[in-house]
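Structure data (mmCIF, C-alpha atoms) from work_22.cif:
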data_structure
loop_
_atom_site.group_PDB
_atom_site.id
_atom_site.type_symbol
_atom_site.label_atom_id
_atom_site.label_comp_id
_atom_site.auth_asym_id
_atom_site.auth_seq_id
_atom_site.Cartn_x
_atom_site.Cartn_y
_atom_site.Cartn_z
ATOM 1 C CA MET A 1 -21.834 40.102 4.118
ATOM 2 C CA SER A 2 -20.093 42.734 1.985
ATOM 3 C CA ASN A 3 -19.358 42.249 -1.717
ATOM 4 C CA PHE A 4 -15.650 42.126 -0.853
ATOM 5 C CA SER A 5 -16.222 39.311 1.654
ATOM 6 C CA LEU A 6 -18.364 37.412 -0.838
ATOM 7 C CA LYS A 7 -15.690 37.703 -3.513
ATOM 8 C CA THR A 8 -12.843 36.618 -1.228
ATOM 9 C CA THR A 9 -14.902 33.679 0.040
ATOM 10 C CA ALA A 10 -15.673 32.591 -3.523
ATOM 11 C CA ILE A 11 -11.984 32.810 -4.471
ATOM 12 C CA ALA A 12 -10.984 30.751 -1.411
ATOM 13 C CA VAL A 13 -13.551 28.060 -2.262
ATOM 14 C CA ALA A 14 -12.393 27.940 -5.880
ATOM 15 C CA MET A 15 -8.761 27.600 -4.814
ATOM 16 C CA THR A 16 -9.649 24.797 -2.386
ATOM 17 C CA LEU A 17 -11.625 22.871 -4.975
ATOM 18 C CA SER A 18 -8.915 23.255 -7.583
ATOM 19 C CA SER A 19 -6.377 21.629 -5.252
ATOM 20 C CA PHE A 20 -8.163 18.294 -5.443
ATOM 21 C CA ALA A 21 -7.262 16.010 -8.347
ATOM 22 C CA ALA A 22 -10.203 14.978 -10.482
ATOM 23 C CA ALA A 23 -11.334 11.380 -10.136
ATOM 24 C CA THR A 24 -9.686 8.992 -12.585
ATOM 25 C CA ASP A 25 -12.102 7.734 -15.223
ATOM 26 C CA LEU A 26 -11.667 4.353 -16.888
ATOM 27 C CA PRO A 27 -12.874 3.541 -20.408
ATOM 28 C CA ALA A 28 -16.623 2.898 -20.415
ATOM 29 C CA TYR A 29 -16.280 -0.758 -21.452
ATOM 30 C CA LEU A 30 -14.003 -1.403 -18.447
ATOM 31 C CA VAL A 31 -16.409 0.175 -15.979
ATOM 32 C CA GLN A 32 -19.370 -1.714 -17.429
ATOM 33 C CA GLY A 33 -17.434 -4.982 -17.508
ATOM 34 C CA VAL A 34 -16.153 -4.863 -13.937
ATOM 35 C CA HIS A 35 -19.550 -3.793 -12.602
ATOM 36 C CA ALA A 36 -21.124 -6.755 -14.401
ATOM 37 C CA MET A 37 -18.655 -8.996 -12.509
ATOM 38 C CA GLY A 38 -19.734 -7.497 -9.186
ATOM 39 C CA ALA A 39 -16.503 -5.506 -8.821
ATOM 40 C CA SER A 40 -16.279 -1.855 -7.777
ATOM 41 C CA VAL A 41 -14.291 1.083 -9.136
ATOM 42 C CA ALA A 42 -12.753 3.598 -6.709
ATOM 43 C CA ALA A 43 -12.191 7.290 -7.381
ATOM 44 C CA ASP A 44 -8.531 6.611 -8.318
ATOM 45 C CA GLY A 45 -9.608 4.047 -10.931
ATOM 46 C CA SER A 46 -8.648 1.039 -8.792
ATOM 47 C CA VAL A 47 -10.810 -2.028 -9.354
ATOM 48 C CA THR A 48 -11.720 -4.142 -6.329
ATOM 49 C CA TYR A 49 -13.134 -7.633 -6.767
ATOM 50 C CA GLY A 50 -13.478 -9.504 -3.497
ATOM 51 C CA ALA A 51 -10.051 -9.374 -1.829
ATOM 52 C CA MET A 52 -8.321 -8.455 -5.107
ATOM 53 C CA ARG A 53 -7.392 -4.867 -5.980
ATOM 54 C CA LEU A 54 -6.083 -3.852 -9.389
ATOM 55 C CA VAL A 55 -4.406 -0.448 -9.599
ATOM 56 C CA PRO A 56 -4.267 1.456 -12.920
ATOM 57 C CA LEU A 57 -1.177 3.058 -14.396
ATOM 58 C CA LEU A 58 -1.742 5.523 -17.203
ATOM 59 C CA PRO A 59 0.297 6.975 -20.078
ATOM 60 C CA PRO A 60 0.855 10.693 -20.672
ATOM 61 C CA ASN A 61 -2.188 12.472 -22.141
ATOM 62 C CA TYR A 62 -4.429 9.571 -21.127
ATOM 63 C CA ASN A 63 -8.002 9.908 -22.379
ATOM 64 C CA PRO A 64 -10.530 7.202 -21.429
ATOM 65 C CA SER A 65 -12.658 8.008 -24.474
ATOM 66 C CA ASN A 66 -9.864 6.843 -26.786
ATOM 67 C CA ALA A 67 -10.611 3.166 -26.150
ATOM 68 C CA PRO A 68 -11.437 1.357 -29.415
ATOM 69 C CA ALA A 69 -15.090 0.692 -30.174
ATOM 70 C CA GLY A 70 -16.246 -2.796 -29.254
ATOM 71 C CA ALA A 71 -13.485 -3.418 -26.708
ATOM 72 C CA THR A 72 -14.290 -5.812 -23.851
ATOM 73 C CA LEU A 73 -12.579 -7.167 -20.764
ATOM 74 C CA SER A 74 -11.571 -10.233 -22.760
ATOM 75 C CA ASP A 75 -9.278 -7.988 -24.810
ATOM 76 C CA CYS A 76 -7.098 -7.323 -21.735
ATOM 77 C CA THR A 77 -3.827 -9.270 -21.900
ATOM 78 C CA PHE A 78 -0.642 -9.737 -19.913
ATOM 79 C CA SER A 79 1.750 -6.827 -20.202
ATOM 80 C CA PRO A 80 5.436 -7.532 -21.042
ATOM 81 C CA ASP A 81 6.251 -8.167 -17.347
ATOM 82 C CA LYS A 82 3.804 -11.141 -17.352
ATOM 83 C CA VAL A 83 2.327 -10.186 -13.951
ATOM 84 C CA SER A 84 0.289 -7.072 -14.781
ATOM 85 C CA TYR A 85 -2.379 -6.502 -17.413
ATOM 86 C CA VAL A 86 -2.809 -4.065 -20.280
ATOM 87 C CA CYS A 87 -6.267 -3.174 -21.543
ATOM 88 C CA PRO A 88 -7.542 -1.366 -24.636
ATOM 89 C CA GLY A 89 -7.531 2.376 -24.038
ATOM 90 C CA ASN A 90 -3.942 2.329 -22.755
ATOM 91 C CA VAL A 91 -4.505 1.220 -19.172
ATOM 92 C CA GLN A 92 -2.044 -1.021 -17.311
ATOM 93 C CA PHE A 93 -3.331 -2.748 -14.183
ATOM 94 C CA ALA A 94 -1.011 -3.899 -11.377
ATOM 95 C CA LEU A 95 -2.225 -6.402 -8.807
ATOM 96 C CA MET A 96 -2.009 -5.155 -5.217
ATOM 97 C CA GLN A 97 -0.863 -7.912 -2.858
ATOM 98 C CA SER A 98 -2.413 -7.235 0.550
ATOM 99 C CA THR A 99 -1.720 -10.342 2.637
ATOM 100 C CA LEU A 100 -2.177 -9.694 6.353
ATOM 101 C CA GLY A 101 1.176 -9.691 8.126
ATOM 102 C CA GLU A 102 2.829 -8.061 5.110
ATOM 103 C CA MET A 103 3.092 -4.538 3.810
ATOM 104 C CA PRO A 104 0.946 -4.129 0.660
ATOM 105 C CA HIS A 105 2.918 -4.329 -2.588
ATOM 106 C CA PHE A 106 2.532 -5.023 -6.283
ATOM 107 C CA SER A 107 3.195 -8.524 -7.637
ATOM 108 C CA ASP A 108 6.865 -9.498 -7.713
ATOM 109 C CA GLY A 109 8.294 -8.799 -11.138
ATOM 110 C CA PHE A 110 5.970 -5.878 -11.824
ATOM 111 C CA SER A 111 7.354 -3.282 -14.208
ATOM 112 C CA PRO A 112 5.530 -0.188 -15.459
ATOM 113 C CA MET A 113 5.194 0.128 -19.212
ATOM 114 C CA GLN A 114 7.362 2.881 -20.649
ATOM 115 C CA GLY A 115 5.995 6.308 -19.738
ATOM 116 C CA TYR A 116 3.174 4.918 -17.589
ATOM 117 C CA SER A 117 2.582 6.221 -14.051
ATOM 118 C CA LEU A 118 0.121 5.974 -11.188
ATOM 119 C CA SER A 119 -2.959 8.161 -11.447
ATOM 120 C CA ALA A 120 -2.700 11.618 -9.864
ATOM 121 C CA ASP A 121 -5.286 10.655 -7.225
ATOM 122 C CA PHE A 122 -3.793 7.241 -6.396
ATOM 123 C CA ALA A 123 -4.786 6.249 -2.849
ATOM 124 C CA PRO A 124 -2.041 3.974 -1.453
ATOM 125 C CA PRO A 125 -2.884 1.669 1.462
ATOM 126 C CA ALA A 126 -0.947 2.060 4.723
ATOM 127 C CA GLY A 127 2.593 0.713 4.413
ATOM 128 C CA PHE A 128 2.465 0.411 0.615
ATOM 129 C CA VAL A 129 5.829 -0.606 -0.834
ATOM 130 C CA MET A 130 6.664 1.533 -3.845
ATOM 131 C CA PRO A 131 7.911 -0.661 -6.712
ATOM 132 C CA ALA A 132 11.095 0.115 -8.600
ATOM 133 C CA GLY A 133 10.603 2.471 -11.515
ATOM 134 C CA VAL A 134 7.430 4.021 -10.109
ATOM 135 C CA GLY A 135 7.115 7.321 -8.250
ATOM 136 C CA LEU A 136 4.333 8.622 -6.067
ATOM 137 C CA PRO A 137 2.211 11.334 -7.680
ATOM 138 C CA SER A 138 2.829 14.842 -6.410
ATOM 139 C CA GLY A 139 1.144 15.462 -3.077
ATOM 140 C CA VAL A 140 0.450 11.771 -2.385
ATOM 141 C CA THR A 141 2.005 10.104 0.666
ATOM 142 C CA VAL A 142 1.904 6.528 1.925
ATOM 143 C CA PRO A 143 0.294 6.241 5.367
ATOM 144 C CA SER A 144 2.523 4.480 7.885
ATOM 145 C CA LEU A 145 1.907 0.889 9.014
ATOM 146 C CA SER A 146 3.710 0.418 12.308
ATOM 147 C CA PRO A 147 4.577 -2.942 13.895
ATOM 148 C CA ALA A 148 1.733 -2.389 16.370
ATOM 149 C CA ASP A 149 -0.651 -1.695 13.470
ATOM 150 C CA MET A 150 0.439 -4.887 11.681
ATOM 151 C CA ILE A 151 -0.112 -6.978 14.813
ATOM 152 C CA ALA A 152 -3.505 -5.320 15.381
ATOM 153 C CA GLN A 153 -4.570 -6.175 11.816
ATOM 154 C CA MET A 154 -3.589 -9.818 12.298
ATOM 155 C CA THR A 155 -5.332 -9.973 15.685
ATOM 156 C CA ASN A 156 -8.533 -8.434 14.335
ATOM 157 C CA ALA A 157 -8.508 -10.985 11.512
ATOM 158 C CA GLY A 158 -8.147 -13.860 13.970
ATOM 159 C CA LEU A 159 -4.639 -14.786 12.838
ATOM 160 C CA LEU A 160 -3.340 -14.099 16.352
ATOM 161 C CA PRO A 161 -5.183 -14.687 19.649
ATOM 162 C CA LYS A 162 -6.343 -11.509 21.344
ATOM 163 C CA GLY A 163 -3.766 -10.386 23.888
ATOM 164 C CA ALA A 164 -1.046 -12.666 22.506
ATOM 165 C CA VAL A 165 1.146 -9.683 21.609
ATOM 166 C CA THR A 166 1.212 -6.467 23.647
ATOM 167 C CA PHE A 167 3.216 -3.329 22.835
ATOM 168 C CA ASN A 168 4.175 -1.787 26.158
ATOM 169 C CA ALA A 169 4.584 1.902 26.983
ATOM 170 C CA ASP A 170 8.313 1.433 27.683
ATOM 171 C CA GLY A 171 8.943 0.202 24.125
ATOM 172 C CA THR A 172 9.138 -3.496 24.997
ATOM 173 C CA VAL A 173 6.797 -6.127 23.584
ATOM 174 C CA THR A 174 5.212 -8.962 25.525
ATOM 175 C CA ALA A 175 4.322 -12.119 23.601
ATOM 176 C CA ILE A 176 2.575 -15.190 24.958
ATOM 177 C CA VAL A 177 3.919 -18.273 23.160
ATOM 178 C CA ASN A 178 2.484 -21.688 24.073
ATOM 179 C CA GLY A 179 1.265 -20.250 27.340
ATOM 180 C CA VAL A 180 4.662 -18.804 28.250
ATOM 181 C CA SER A 181 5.097 -15.028 28.478
ATOM 182 C CA MET A 182 8.212 -13.648 26.774
ATOM 183 C CA MET A 183 9.541 -10.099 26.798
ATOM 184 C CA TYR A 184 11.118 -8.599 23.670
ATOM 185 C CA THR A 185 13.292 -5.504 23.656
ATOM 186 C CA PRO A 186 13.920 -3.288 20.601
ATOM 187 C CA THR A 187 17.490 -3.270 19.306
ATOM 188 C CA ARG A 188 16.790 -1.133 16.256
ATOM 189 C CA ILE A 189 14.162 1.572 15.859
ATOM 190 C CA PRO A 190 14.089 3.460 12.543
ATOM 191 C CA ALA A 191 14.223 7.237 12.389
ATOM 192 C CA PRO A 192 10.795 8.849 12.976
ATOM 193 C CA GLY A 193 10.184 9.465 9.270
ATOM 194 C CA GLN A 194 10.954 5.826 8.442
ATOM 195 C CA GLN A 195 8.828 4.214 11.145
ATOM 196 C CA GLY A 196 5.886 2.339 9.687
ATOM 197 C CA ARG A 197 7.289 2.626 6.149
ATOM 198 C CA TYR A 198 9.029 -0.096 4.174
ATOM 199 C CA MET A 199 12.806 -0.150 4.452
ATOM 200 C CA PRO A 200 14.507 -1.347 1.243
ATOM 201 C CA GLY A 201 16.143 -4.721 1.707
ATOM 202 C CA MET A 202 13.589 -5.922 4.257
ATOM 203 C CA GLY A 203 11.029 -8.625 3.609
ATOM 204 C CA TYR A 204 7.423 -7.600 3.003
ATOM 205 C CA GLY A 205 6.365 -9.461 6.153
ATOM 206 C CA ILE A 206 7.492 -10.097 9.709
ATOM 207 C CA THR A 207 10.593 -12.289 9.788
ATOM 208 C CA ALA A 208 12.230 -14.334 12.558
ATOM 209 C CA GLY A 209 15.999 -14.709 12.744
ATOM 210 C CA THR A 210 18.734 -16.287 14.837
ATOM 211 C CA GLY A 211 18.062 -16.467 18.558
ATOM 212 C CA GLY A 212 14.456 -15.364 18.199
ATOM 213 C CA THR A 213 15.127 -11.985 16.606
ATOM 214 C CA VAL A 214 11.931 -10.531 15.114
ATOM 215 C CA THR A 215 12.185 -7.930 12.346
ATOM 216 C CA PHE A 216 9.390 -5.871 10.821
ATOM 217 C CA PRO A 217 9.355 -4.502 7.243
ATOM 218 C CA ASP A 218 10.179 -0.958 8.411
ATOM 219 C CA GLY A 219 13.401 -2.263 9.984
ATOM 220 C CA THR A 220 12.176 -2.310 13.590
ATOM 221 C CA THR A 221 13.953 -5.207 15.323
ATOM 222 C CA TYR A 222 13.211 -6.931 18.619
ATOM 223 C CA VAL A 223 15.105 -9.647 20.513
ATOM 224 C CA PRO A 224 14.035 -11.758 23.493
ATOM 225 C CA LYS A 225 15.409 -10.392 26.756
ATOM 226 C CA VAL A 226 17.025 -13.760 27.511
ATOM 227 C CA GLY A 227 18.908 -13.481 24.232
ATOM 228 C CA MET A 228 20.276 -10.094 25.198
ATOM 229 C CA MET A 229 21.352 -11.319 28.660
ATOM 230 C CA THR A 230 23.128 -14.420 27.361
ATOM 231 C CA GLY A 231 24.676 -12.726 24.353
ATOM 232 C CA VAL A 232 22.937 -15.055 21.891
ATOM 233 C CA VAL A 233 21.575 -12.140 19.901
ATOM 234 C CA GLY A 234 23.554 -9.027 19.115
ATOM 235 C CA MET A 235 22.708 -5.693 17.590
ATOM 236 C CA ARG A 236 21.839 -5.789 13.921
#
Since I need it in another form, could you write the structure as structure tokens?
Amino acid sequence: MSNFSLKTTAIAVAMTLSSFAAATDLPAYLVQGVHAMGASVAADGSVTYGAMRLVPLLPPNYNPSNAPAGATLSDCTFSPDKVSYVCPGNVQFALMQSTLGEMPHFSDGFSPMQGYSLSADFAPPAGFVMPAGVGLPSGVTVPSLSPADMIAQMTNAGLLPKGAVTFNADGTVTAIVNGVSMMYTPTRIPAPGQQGRYMPGMGYGITAGTGGTVTFPDGTTYVPKVGMMTGVVGMR
């Protein structure tokens, strides 16, 4: 390989590496404390303990080495919103609610402390609902969580019997309820960019309405075919 090729390859590699955000470090006492509890720390600084995930928000010019000497996990307290935590070293932790059948979201009432933001390498789960007052870091996107994905998650977890809900190629949905097969037809499908992503004003989970209407958090709405034929359910 020529010197020119070597140089251009090295430049390309350097540019590629520089495009990745560095992993978010937490203060040493936090890492040691959560590991002692049997919890894990992800690259974006999120702490996972069993089914619980705590996501860090950081102030401008955050430096994990600025945590006061002698700090421990017991020094973490409720932040002003009373649902998130603030720890020595200027770290706010929001609790990620990830109940199956719902789109993941922070605890109701969560509010970021003034100037605090998600880490640059925040890794949102599919369907994550962005809370008010918080923006996604540059270059980060929320993976979609479609109605079919939500049903698949619930089925895999045993919350729904296998084969109880089938998404058909023609856009209809077949559901077996108490041994009776019912066909549902979509009356509202969000625009392609909205599909699988939370629509403001929707519930976090799947909701049932008048006449058997079923609505998903991205705004996708289905009605039973009998409802459409009898006029019980109209367009939303």
| query | Hey, what comes out of the PyMOL selection byres ((chain A and resi 55) around 9) on this file? Could you write it as a PyMOL selection string? | reply | chain A and resi 44-48+53-54+56-57+92-96+106+118-119+122
| said: Using all atoms listed in the file, which protein or nucleic acid residues come within 9 Å of A:Pro124? Drop anything in the same chain fewer than 2 positions from it, and give the result as a list in words. | reply: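 Residues meeting the cut-off are Pro104, Phe122, Ala126, Gly127, Phe128, Val140, Thr141, Val142 and Pro143 of chain A.
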| request: For the file shown, report as a PyMOL selection string the outcome of the PyMOL selection byres ((chain A and resi 71) around 10) at residue level. | output: chain A and resi 27-30+67-70+72-76+87-89
| said: Report, in Å with one decimal, the straight-line distance from atom CA of A:Asn168 to atom CA of A:Gly193. | reply: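 Separating atom CA of A:Asn168 from atom CA of A:Gly193 is a distance of 21.2 Å.
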| Excluding same-chain residues fewer than 6 positions from stretch 194-207 of chain A, what lies within 10 Å of it counting only C-alpha atoms, as a PyMOL selection string? | chain A and resi 99-105+126-130+142-151+213-221
| task | Starting from the shown file, work through the PyMOL selection byres ((chain A and resi 112) around 12) and note down what comes out as a VMD selection string. | result | chain A and resid 55 to 59 79 to 86 91 to 95 106 to 107 109 to 111 113 to 118 130 to 135
| task | Work out how far atom CA of A:Thr185 is from atom CA of A:Val173, in Å to one decimal. | result | 6.5 Å
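From atom CA of A:Arg188 back to atom CA of A:Val165, the distance works out to 18.6 Å.
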| field | Which of A:Met37, A:Val223, A:Val31, A:Leu136 sits closest to A:Pro186 [using all atoms listed in the file] | value |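 Closest to A:Pro186, using all atoms listed in the file: A:Val223.
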| request: Point out the residue among A:Ala42, A:Met182, A:Asn90, A:Leu159 with the least atom-to-atom distance to A:Asn61, counting only C-alpha atoms. | output: A:Asn90
Using all atoms of stretch 186-204 of chain A that appear in the file, construct an axis-aligned enclosing box with 5 Å of padding on every side and provide its centre coordinates and edge lengths in Å, rounded to one decimal, as lines of an AutoDock Vina configuration file.
center_x = 11.7
center_y = 0.4
center_z = 10.9
size_x = 21.6
size_y = 28.1
size_z = 29.4
